[in-house]
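Everything below belongs to target39.pdb, which stores PDB, C-alpha atoms, pLDDT in the B column.
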MODEL        1
ATOM      1  CA  LEU S   1       2.647  -8.415  11.180  1.00 38.00           C
ATOM      2  CA  VAL S   2       0.732 -10.933  13.265  1.00 39.00           C
ATOM      3  CA  TYR S   3      -0.449 -14.002  11.380  1.00 39.00           C
ATOM      4  CA  ASP S   4      -1.950 -16.873  13.379  1.00 40.00           C
ATOM      5  CA  THR S   5      -2.858 -19.824  11.166  1.00 41.00           C
ATOM      6  CA  SER S   6      -4.431 -21.752  14.045  1.00 42.00           C
ATOM      7  CA  TYR S   7      -7.690 -19.882  13.528  1.00 42.00           C
ATOM      8  CA  THR S   8     -10.283 -21.002  10.996  1.00 44.00           C
ATOM      9  CA  SER S   9     -13.370 -19.362   9.554  1.00 46.00           C
ATOM     10  CA  ASN S  10     -16.160 -18.785  12.054  1.00 49.00           C
ATOM     11  CA  ASN S  11     -18.661 -16.219  10.765  1.00 45.00           C
ATOM     12  CA  GLU S  12     -16.039 -13.499  11.132  1.00 46.00           C
ATOM     13  CA  GLY S  13     -13.870 -14.626   8.275  1.00 46.00           C
ATOM     14  CA  ASN S  14     -10.329 -15.791   8.792  1.00 52.00           C
ATOM     15  CA  LYS S  15      -9.124 -14.606  12.209  1.00 58.00           C
ATOM     16  CA  SER S  16      -5.518 -14.835  11.068  1.00 66.00           C
ATOM     17  CA  LEU S  17      -6.336 -11.886   8.800  1.00 75.00           C
ATOM     18  CA  ARG S  18      -8.156 -10.087  11.604  1.00 76.00           C
ATOM     19  CA  SER S  19      -5.050 -10.327  13.778  1.00 80.00           C
ATOM     20  CA  ARG S  20      -3.267  -7.904  11.455  1.00 82.00           C
ATOM     21  CA  THR S  21      -5.637  -5.063  12.247  1.00 85.00           C
ATOM     22  CA  TYR S  22      -5.637  -6.158  15.888  1.00 85.00           C
ATOM     23  CA  TYR S  23      -1.882  -5.619  15.947  1.00 86.00           C
ATOM     24  CA  GLY S  24      -2.223  -2.145  14.420  1.00 87.00           C
ATOM     25  CA  ASN S  25      -4.932  -1.313  16.944  1.00 88.00           C
ATOM     26  CA  TRP S  26      -2.733  -2.570  19.791  1.00 89.00           C
ATOM     27  CA  LEU S  27       0.145  -0.356  18.635  1.00 89.00           C
ATOM     28  CA  TYR S  28      -2.243   2.601  18.503  1.00 90.00           C
ATOM     29  CA  LYS S  29      -3.945   2.001  21.859  1.00 89.00           C
ATOM     30  CA  THR S  30      -0.967   0.944  23.964  1.00 91.00           C
ATOM     31  CA  LYS S  31       1.987   2.745  22.381  1.00 90.00           C
ATOM     32  CA  SER S  32       0.480   5.550  20.253  1.00 89.00           C
ATOM     33  CA  GLN S  33       2.556   4.226  17.348  1.00 87.00           C
ATOM     34  CA  CYS S  34      -0.022   3.743  14.601  1.00 89.00           C
ATOM     35  CA  ASP S  35      -1.310   6.736  12.642  1.00 91.00           C
ATOM     36  CA  LEU S  36      -2.318   4.894   9.488  1.00 92.00           C
ATOM     37  CA  TYR S  37      -2.941   1.277   8.506  1.00 92.00           C
ATOM     38  CA  LEU S  38      -1.848   0.069   5.063  1.00 92.00           C
ATOM     39  CA  ALA S  39      -1.937  -3.538   3.849  1.00 90.00           C
ATOM     40  CA  CYS S  40       0.286  -4.142   0.797  1.00 92.00           C
ATOM     41  CA  HIS S  41      -0.531  -7.170  -1.372  1.00 91.00           C
ATOM     42  CA  THR S  42      -0.448  -8.612  -4.862  1.00 92.00           C
ATOM     43  CA  ASN S  43      -3.582 -10.069  -6.396  1.00 92.00           C
ATOM     44  CA  ALA S  44      -4.599 -13.308  -8.127  1.00 92.00           C
ATOM     45  CA  ILE S  45      -7.444 -14.750 -10.154  1.00 91.00           C
ATOM     46  CA  SER S  46      -7.865 -18.309 -11.410  1.00 91.00           C
ATOM     47  CA  THR S  47     -10.310 -17.792 -14.280  1.00 90.00           C
ATOM     48  CA  ASN S  48      -8.793 -16.313 -17.464  1.00 92.00           C
ATOM     49  CA  PRO S  49      -5.856 -14.800 -15.569  1.00 92.00           C
ATOM     50  CA  GLU S  50      -4.414 -13.015 -18.592  1.00 93.00           C
ATOM     51  CA  SER S  51      -7.645 -11.053 -19.009  1.00 91.00           C
ATOM     52  CA  VAL S  52      -7.444  -9.320 -15.633  1.00 91.00           C
ATOM     53  CA  ARG S  53      -4.693  -6.932 -14.551  1.00 93.00           C
ATOM     54  CA  GLY S  54      -4.112  -3.687 -12.719  1.00 92.00           C
ATOM     55  CA  THR S  55      -4.173  -2.179  -9.249  1.00 94.00           C
ATOM     56  CA  VAL S  56      -7.092  -2.349  -6.824  1.00 92.00           C
ATOM     57  CA  VAL S  57      -7.412  -0.298  -3.626  1.00 93.00           C
ATOM     58  CA  LEU S  58      -9.841  -1.816  -1.126  1.00 89.00           C
ATOM     59  CA  HIS S  59     -11.791   0.210   1.413  1.00 86.00           C
ATOM     60  CA  ASP S  60     -14.058  -1.077   4.193  1.00 86.00           C
ATOM     61  CA  ILE S  61     -17.319   0.818   4.789  1.00 84.00           C
ATOM     62  CA  ASP S  62     -18.795  -1.142   7.696  1.00 78.00           C
ATOM     63  CA  ASN S  63     -20.639   1.282   9.970  1.00 75.00           C
ATOM     64  CA  ASN S  64     -21.755  -1.108  12.720  1.00 72.00           C
ATOM     65  CA  SER S  65     -19.223  -0.560  15.477  1.00 65.00           C
ATOM     66  CA  THR S  66     -20.753  -3.107  17.857  1.00 66.00           C
ATOM     67  CA  ASP S  67     -21.200  -6.248  15.730  1.00 64.00           C
ATOM     68  CA  THR S  68     -17.893  -7.676  16.951  1.00 71.00           C
ATOM     69  CA  SER S  69     -15.083  -6.746  19.339  1.00 77.00           C
ATOM     70  CA  ASP S  70     -11.555  -5.489  19.038  1.00 79.00           C
ATOM     71  CA  TYR S  71      -8.654  -7.477  20.512  1.00 76.00           C
ATOM     72  CA  ASP S  72      -9.245  -5.828  23.920  1.00 79.00           C
ATOM     73  CA  GLY S  73     -13.012  -6.287  23.920  1.00 80.00           C
ATOM     74  CA  GLY S  74     -13.706  -2.733  22.818  1.00 81.00           C
ATOM     75  CA  ASP S  75     -15.910  -1.811  19.878  1.00 81.00           C
ATOM     76  CA  PHE S  76     -14.906  -0.447  16.479  1.00 82.00           C
ATOM     77  CA  SER S  77     -16.347   3.027  16.867  1.00 84.00           C
ATOM     78  CA  GLU S  78     -13.156   4.689  15.628  1.00 86.00           C
ATOM     79  CA  HIS S  79     -13.131   2.442  12.562  1.00 84.00           C
ATOM     80  CA  THR S  80     -16.661   3.616  11.806  1.00 85.00           C
ATOM     81  CA  ALA S  81     -15.683   7.250  12.391  1.00 86.00           C
ATOM     82  CA  ASN S  82     -12.764   6.866   9.960  1.00 87.00           C
ATOM     83  CA  ILE S  83     -14.733   5.464   7.011  1.00 88.00           C
ATOM     84  CA  ASN S  84     -14.566   8.739   5.101  1.00 90.00           C
ATOM     85  CA  THR S  85     -10.937   9.495   5.962  1.00 92.00           C
ATOM     86  CA  SER S  86     -10.006   5.965   4.877  1.00 91.00           C
ATOM     87  CA  LEU S  87     -11.721   6.653   1.558  1.00 91.00           C
ATOM     88  CA  VAL S  88      -9.647   9.831   1.175  1.00 93.00           C
ATOM     89  CA  LEU S  89      -6.498   7.746   1.670  1.00 94.00           C
ATOM     90  CA  ALA S  90      -7.713   5.098  -0.796  1.00 93.00           C
ATOM     91  CA  ARG S  91      -8.402   7.740  -3.462  1.00 92.00           C
ATOM     92  CA  LYS S  92      -4.963   9.273  -3.036  1.00 94.00           C
ATOM     93  CA  LEU S  93      -3.341   5.852  -3.396  1.00 95.00           C
ATOM     94  CA  GLU S  94      -5.373   5.231  -6.548  1.00 92.00           C
ATOM     95  CA  ASP S  95      -4.429   8.594  -8.068  1.00 93.00           C
ATOM     96  CA  ARG S  96      -0.717   8.413  -7.347  1.00 94.00           C
ATOM     97  CA  ILE S  97      -0.213   4.782  -8.389  1.00 95.00           C
ATOM     98  CA  LEU S  98      -1.907   5.436 -11.712  1.00 94.00           C
ATOM     99  CA  GLN S  99       0.006   8.675 -12.268  1.00 93.00           C
ATOM    100  CA  VAL S 100       3.481   7.371 -11.397  1.00 93.00           C
ATOM    101  CA  MET S 101       3.194   4.008 -13.132  1.00 95.00           C
ATOM    102  CA  ARG S 102       1.850   5.539 -16.347  1.00 94.00           C
ATOM    103  CA  ALA S 103       4.402   8.358 -16.381  1.00 92.00           C
ATOM    104  CA  TYR S 104       7.529   6.387 -15.535  1.00 90.00           C
ATOM    105  CA  TYR S 105       6.959   2.696 -16.123  1.00 94.00           C
ATOM    106  CA  ASP S 106       3.997   1.523 -18.222  1.00 95.00           C
ATOM    107  CA  PRO S 107       1.623   3.960 -19.995  1.00 95.00           C
ATOM    108  CA  THR S 108      -1.017   1.204 -20.111  1.00 94.00           C
ATOM    109  CA  TRP S 109      -1.074   0.662 -16.325  1.00 94.00           C
ATOM    110  CA  MET S 110      -4.654   0.510 -15.122  1.00 92.00           C
ATOM    111  CA  MET S 111      -6.915   0.285 -12.115  1.00 88.00           C
ATOM    112  CA  SER S 112      -8.873  -2.950 -12.083  1.00 82.00           C
ATOM    113  CA  PHE S 113     -12.366  -4.241 -11.295  1.00 66.00           C
ATOM    114  CA  THR S 114     -14.216  -0.933 -11.144  1.00 55.00           C
ATOM    115  CA  SER S 115     -15.755   1.555 -13.530  1.00 45.00           C
ATOM    116  CA  GLY S 116     -13.707   4.707 -13.783  1.00 50.00           C
ATOM    117  CA  ASN S 117     -11.599   4.225 -10.680  1.00 61.00           C
ATOM    118  CA  GLY S 118      -9.704   1.596  -8.760  1.00 66.00           C
ATOM    119  CA  VAL S 119     -11.217   1.983  -5.285  1.00 80.00           C
ATOM    120  CA  TRP S 120     -13.487  -0.857  -4.268  1.00 80.00           C
ATOM    121  CA  SER S 121     -15.636  -0.120  -1.209  1.00 79.00           C
ATOM    122  CA  VAL S 122     -17.489  -3.016   0.387  1.00 75.00           C
ATOM    123  CA  ASP S 123     -19.077  -3.545   3.791  1.00 74.00           C
ATOM    124  CA  TRP S 124     -17.066  -5.768   6.175  1.00 63.00           C
ATOM    125  CA  GLN S 125     -15.558  -8.119   3.608  1.00 69.00           C
ATOM    126  CA  TRP S 126     -11.763  -8.021   3.705  1.00 76.00           C
ATOM    127  CA  GLY S 127     -10.054  -9.183   6.881  1.00 76.00           C
ATOM    128  CA  GLU S 128      -6.952  -7.083   6.186  1.00 81.00           C
ATOM    129  CA  VAL S 129      -8.904  -3.820   6.642  1.00 83.00           C
ATOM    130  CA  ARG S 130     -11.697  -5.105   8.839  1.00 80.00           C
ATOM    131  CA  GLY S 131     -11.768  -3.086  12.031  1.00 81.00           C
ATOM    132  CA  ASN S 132      -8.613  -0.994  11.822  1.00 87.00           C
ATOM    133  CA  GLN S 133      -9.203   1.866  14.264  1.00 89.00           C
ATOM    134  CA  LYS S 134      -7.004   4.299  12.336  1.00 90.00           C
ATOM    135  CA  PRO S 135      -7.570   5.290   8.700  1.00 91.00           C
ATOM    136  CA  GLY S 136      -6.501   2.480   6.403  1.00 91.00           C
ATOM    137  CA  ALA S 137      -6.649   0.762   3.037  1.00 92.00           C
ATOM    138  CA  LEU S 138      -5.600  -2.469   1.346  1.00 91.00           C
ATOM    139  CA  VAL S 139      -3.591  -2.111  -1.869  1.00 93.00           C
ATOM    140  CA  GLU S 140      -3.432  -4.952  -4.383  1.00 93.00           C
ATOM    141  CA  TYR S 141      -0.640  -3.550  -6.535  1.00 95.00           C
ATOM    142  CA  GLY S 142      -1.109  -5.945  -9.445  1.00 95.00           C
ATOM    143  CA  PHE S 143      -2.095  -9.472 -10.443  1.00 95.00           C
ATOM    144  CA  HIS S 144       0.772 -11.934 -10.130  1.00 95.00           C
ATOM    145  CA  THR S 145      -1.395 -14.277 -12.229  1.00 96.00           C
ATOM    146  CA  ASN S 146      -1.153 -11.883 -15.184  1.00 95.00           C
ATOM    147  CA  THR S 147       2.073 -11.975 -17.190  1.00 96.00           C
ATOM    148  CA  GLN S 148       2.310  -8.220 -17.744  1.00 96.00           C
ATOM    149  CA  ASP S 149       1.619  -7.344 -14.109  1.00 96.00           C
ATOM    150  CA  ALA S 150       3.908 -10.108 -12.848  1.00 97.00           C
ATOM    151  CA  ARG S 151       6.819  -8.683 -14.836  1.00 97.00           C
ATOM    152  CA  ALA S 152       6.303  -5.317 -13.159  1.00 97.00           C
ATOM    153  CA  LEU S 153       5.986  -6.862  -9.699  1.00 96.00           C
ATOM    154  CA  ILE S 154       9.301  -8.718  -9.962  1.00 96.00           C
ATOM    155  CA  ASP S 155      11.109  -5.869 -11.721  1.00 96.00           C
ATOM    156  CA  GLU S 156      13.113  -3.651  -9.361  1.00 90.00           C
ATOM    157  CA  ARG S 157      12.056  -0.550 -11.309  1.00 90.00           C
ATOM    158  CA  GLY S 158       8.400  -1.518 -11.171  1.00 94.00           C
ATOM    159  CA  ARG S 159       8.516  -2.095  -7.419  1.00 94.00           C
ATOM    160  CA  ARG S 160      10.391   1.148  -6.891  1.00 90.00           C
ATOM    161  CA  PHE S 161       7.779   3.182  -8.732  1.00 92.00           C
ATOM    162  CA  LEU S 162       4.922   1.471  -6.857  1.00 95.00           C
ATOM    163  CA  ALA S 163       6.665   2.299  -3.587  1.00 93.00           C
ATOM    164  CA  GLN S 164       7.273   5.858  -4.768  1.00 91.00           C
ATOM    165  CA  ALA S 165       3.576   6.288  -5.578  1.00 94.00           C
ATOM    166  CA  THR S 166       2.598   4.925  -2.172  1.00 95.00           C
ATOM    167  CA  TYR S 167       4.988   7.343  -0.472  1.00 93.00           C
ATOM    168  CA  LYS S 168       3.503  10.279  -2.390  1.00 92.00           C
ATOM    169  CA  ALA S 169      -0.051   9.292  -1.498  1.00 95.00           C
ATOM    170  CA  ILE S 170       0.785   9.038   2.206  1.00 94.00           C
ATOM    171  CA  CYS S 171       2.552  12.418   2.156  1.00 93.00           C
ATOM    172  CA  GLU S 172      -0.471  13.993   0.511  1.00 94.00           C
ATOM    173  CA  TYR S 173      -2.830  12.337   2.975  1.00 94.00           C
ATOM    174  CA  PHE S 174      -0.958  13.835   5.927  1.00 94.00           C
ATOM    175  CA  GLY S 175      -0.478  17.168   4.159  1.00 92.00           C
ATOM    176  CA  THR S 176       3.316  16.993   4.369  1.00 89.00           C
ATOM    177  CA  MET S 177       5.968  17.983   1.840  1.00 76.00           C
ATOM    178  CA  ASN S 178       6.019  15.550  -1.070  1.00 69.00           C
ATOM    179  CA  TYR S 179       9.744  15.331  -1.770  1.00 70.00           C
ATOM    180  CA  GLU S 180      10.868  13.918  -5.080  1.00 71.00           C
ATOM    181  CA  LEU S 181      12.754  10.682  -4.487  1.00 72.00           C
ATOM    182  CA  PRO S 182      15.928  10.110  -6.527  1.00 72.00           C
ATOM    183  CA  SER S 183      16.228   6.747  -8.222  1.00 74.00           C
ATOM    184  CA  ALA S 184      18.905   4.185  -7.379  1.00 76.00           C
ATOM    185  CA  ILE S 185      22.514   5.157  -8.031  1.00 81.00           C
ATOM    186  CA  THR S 186      24.119   2.874 -10.610  1.00 80.00           C
ATOM    187  CA  ASP S 187      27.505   4.513 -11.322  1.00 85.00           C
ATOM    188  CA  LEU S 188      29.197   4.946  -7.936  1.00 89.00           C
ATOM    189  CA  THR S 189      33.006   5.058  -8.267  1.00 93.00           C
ATOM    190  CA  ALA S 190      35.815   5.468  -5.736  1.00 94.00           C
ATOM    191  CA  THR S 191      39.259   6.890  -6.546  1.00 94.00           C
ATOM    192  CA  PRO S 192      42.268   7.696  -4.362  1.00 93.00           C
ATOM    193  CA  GLY S 193      42.181  11.186  -2.941  1.00 90.00           C
ATOM    194  CA  TYR S 194      44.850  13.850  -2.881  1.00 91.00           C
ATOM    195  CA  ASN S 195      45.799  13.267   0.733  1.00 92.00           C
ATOM    196  CA  PRO S 196      46.748  10.094   2.643  1.00 91.00           C
ATOM    197  CA  GLY S 197      43.658   8.082   3.590  1.00 90.00           C
ATOM    198  CA  GLU S 198      41.414  10.182   1.385  1.00 94.00           C
ATOM    199  CA  VAL S 199      38.890   8.611  -1.037  1.00 95.00           C
ATOM    200  CA  ILE S 200      36.896  10.545  -3.602  1.00 93.00           C
ATOM    201  CA  LEU S 201      33.393   9.208  -4.332  1.00 91.00           C
ATOM    202  CA  THR S 202      31.554  10.276  -7.485  1.00 89.00           C
ATOM    203  CA  TRP S 203      28.103   9.384  -8.739  1.00 84.00           C
ATOM    204  CA  THR S 204      25.131  10.652 -10.670  1.00 81.00           C
ATOM    205  CA  ALA S 205      21.980  11.293  -8.646  1.00 74.00           C
ATOM    206  CA  PRO S 206      19.168  10.531 -11.099  1.00 77.00           C
ATOM    207  CA  GLY S 207      15.696  11.959 -10.789  1.00 75.00           C
ATOM    208  CA  GLU S 208      12.684  10.027  -9.649  1.00 73.00           C
ATOM    209  CA  ASP S 209      12.021   8.593 -13.101  1.00 69.00           C
ATOM    210  CA  GLY S 210      15.507   7.043 -13.190  1.00 65.00           C
ATOM    211  CA  THR S 211      16.802   9.085 -16.108  1.00 62.00           C
ATOM    212  CA  SER S 212      16.029  12.816 -15.976  1.00 56.00           C
ATOM    213  CA  PHE S 213      15.580  15.679 -13.549  1.00 50.00           C
ATOM    214  CA  ALA S 214      18.796  14.834 -11.689  1.00 46.00           C
ATOM    215  CA  ALA S 215      18.703  15.471  -7.961  1.00 44.00           C
TER     216      ALA S 215
ENDMDL
END
Could you write out this structure as structure tokens?
Amino acid sequence: LVYDTSYTSNNEGNKSLRSRTYYGNWLYKTKSQCDLYLACHTNAISTNPESVRGTVVLHDIDNNSTDTSDYDGGDFSEHTANINTSLVLARKLEDRILQVMRAYYDPTWMMSFTSGNGVWSVDWQWGEVRGNQKPGALVEYGFHTNTQDARALIDERGRRFLAQATYKAICEYFGTMNYELPSAITDLTATPGYNPGEVILTWTAPGEDGTSFAA
């Protein structure tokens, strides 16, 4: 990531945030190494923090490709062209995070801030997804100001399931095989083998929920 704190607000928001999409755009334009842009965050709120929790997926819908310039002076025409494909990605992230977290971690996990879904689409507001030329979204996985969410965010199992959901959403977006990911191995043992220099390793390969459907 590129993060330049020397910039301050100047009608374009915080340019240190803009530099993140600039970097993705540079990778795409100069090295053909960026197919998708995803910003991964945790959220916060200062007023009544225990009353607000859940995941939010943010999606930029700005359709004015000439109101500012990319890092190389070009416009954001591809960002505008990708508004709908970015929304497809955002919806898949919403669906999979809710499904995985409710099934494997916390049946009360929720999407926050919106009615009926957790995708929040606003015109040109968030620097982290402002002007990315490839399809992209910003995921606020949970509120670190909320006790219940914070526990999940610092819990290895919670983070693993959030990552698993993100992986599934990206696979579905690209139309590739969505392999089930085994959970972490916790019972690895090593014993002497039958021949000199031989070691026998044994372990249980748990399923993606950590307990069943062994791989």
Q: Excluding region 42-45 of chain S and residues on its chain fewer than 5 positions from it, collect all residues at most 10 Å away from it, counting all atoms listed in the file, and give them as a ChimeraX atom specification.
A: /S:50-56,139-146,149-150,153
Please, could you write that set of residues out with C-alpha atoms as a compact mmCIF listing (two decimals), in the frame of the given file?
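For reference, out.txt as written:
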# COMPACT_ATOMS: atom_id res chain seq x y z
CA GLU S 50 -4.41 -13.02 -18.59
CA SER S 51 -7.64 -11.05 -19.01
CA VAL S 52 -7.44 -9.32 -15.63
CA ARG S 53 -4.69 -6.93 -14.55
CA GLY S 54 -4.11 -3.69 -12.72
CA THR S 55 -4.17 -2.18 -9.25
CA VAL S 56 -7.09 -2.35 -6.82
CA VAL S 139 -3.59 -2.11 -1.87
CA GLU S 140 -3.43 -4.95 -4.38
CA TYR S 141 -0.64 -3.55 -6.54
CA GLY S 142 -1.11 -5.94 -9.44
CA PHE S 143 -2.10 -9.47 -10.44
CA HIS S 144 0.77 -11.93 -10.13
CA THR S 145 -1.40 -14.28 -12.23
CA ASN S 146 -1.15 -11.88 -15.18
CA ASP S 149 1.62 -7.34 -14.11
CA ALA S 150 3.91 -10.11 -12.85
CA LEU S 153 5.99 -6.86 -9.70
What does the PyMOL selection byres ((chain S and resi 35) around 10) select in this file, as a PyMOL selection string? chain S and resi 24-25+27-28+32-34+36-37+133-136+174
Those selected residues, please, written with C-alpha atoms and delivered as a short mmCIF file (atom, residue, chain, number, x, y, z; two decimals), keeping the file's coordinate frame.
data_model
loop_
_atom_site.label_atom_id
_atom_site.label_comp_id
_atom_site.auth_asym_id
_atom_site.auth_seq_id
_atom_site.Cartn_x
_atom_site.Cartn_y
_atom_site.Cartn_z
CA GLY S 24 -2.22 -2.14 14.42
CA ASN S 25 -4.93 -1.31 16.94
CA LEU S 27 0.14 -0.36 18.64
CA TYR S 28 -2.24 2.60 18.50
CA SER S 32 0.48 5.55 20.25
CA GLN S 33 2.56 4.23 17.35
CA CYS S 34 -0.02 3.74 14.60
CA LEU S 36 -2.32 4.89 9.49
CA TYR S 37 -2.94 1.28 8.51
CA GLN S 133 -9.20 1.87 14.26
CA LYS S 134 -7.00 4.30 12.34
CA PRO S 135 -7.57 5.29 8.70
CA GLY S 136 -6.50 2.48 6.40
CA PHE S 174 -0.96 13.84 5.93
#
If you count only C-alpha atoms, the residue of S:Arg159, S:Ile154, S:Thr191, S:Arg18 closest to Asp70 (chain S) turns out to be S:Arg18
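CA of Asn82 (chain S) to CA of Trp109 (chain S) spans 29.4 Å [interatomic distance, one decimal].
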* **Residues within 10 Å of region 160-171 of chain S, all atoms listed in the file, excluding chain neighbours under 3 positions, as a ChimeraX atom specification** => /S:36,38,40,88-105,139,141-142,152-153,155-157,174-184,208-210
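Coordinates place CA of Gly131 (chain S) at a distance of 9.0 Å from CA of Asp75 (chain S).
Using all atoms listed in the file for every distance, the candidate list S:Thr204, S:Ser121, S:Thr189, S:Thr21 yields S:Thr21 as the residue closest to Ser69 (chain S).
Distance annotation: of S:Thr30, S:Gly127, S:His41, S:Thr47, the residue with the minimal separation from Asp62 (chain S) is S:Gly127; atom set is only C-alpha atoms.
We find CA of Tyr71 (chain S) and CA of Lys31 (chain S) to be spaced 14.9 Å apart.
With distances taken over all atoms listed in the file, S:Ile61 is the one residue among S:Ile61, S:Leu138, S:Val199, S:Ala81 lying closest to Asp123 (chain S).
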Please define a box with edges along x, y and z of the file around all atoms of region 46-57 of chain S given in the file, extend it by 3 Å on each side, and return its centre and edge lengths in Å to one decimal, as AutoDock Vina command-line options.
--center_x -7.2 --center_y -9.3 --center_z -11.3 --size_x 12.2 --size_y 24.0 --size_z 21.4
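Minimum atom-to-atom distance to Asp72 (chain S), evaluated using all atoms listed in the file, belongs to S:Ser19 out of S:Asn195, S:Thr186, S:Ser19, S:Thr202.
With only C-alpha atoms as the basis for measurement, S:His59 is the residue among S:Leu201, S:His59, S:Thr80, S:Asn64 that approaches Glu128 (chain S) most closely.
The list of residues with at least one atom within 9 Å of Asp60 (chain S), based on only C-alpha atoms and without residues fewer than 6 positions apart in the same chain, reads Ile83, Ser86, Leu87, Trp120, Ser121, Val122, Asp123, Trp124, Gln125, Trp126, Val129, Arg130, Gly131, Gly136 and Ala137 of chain S.
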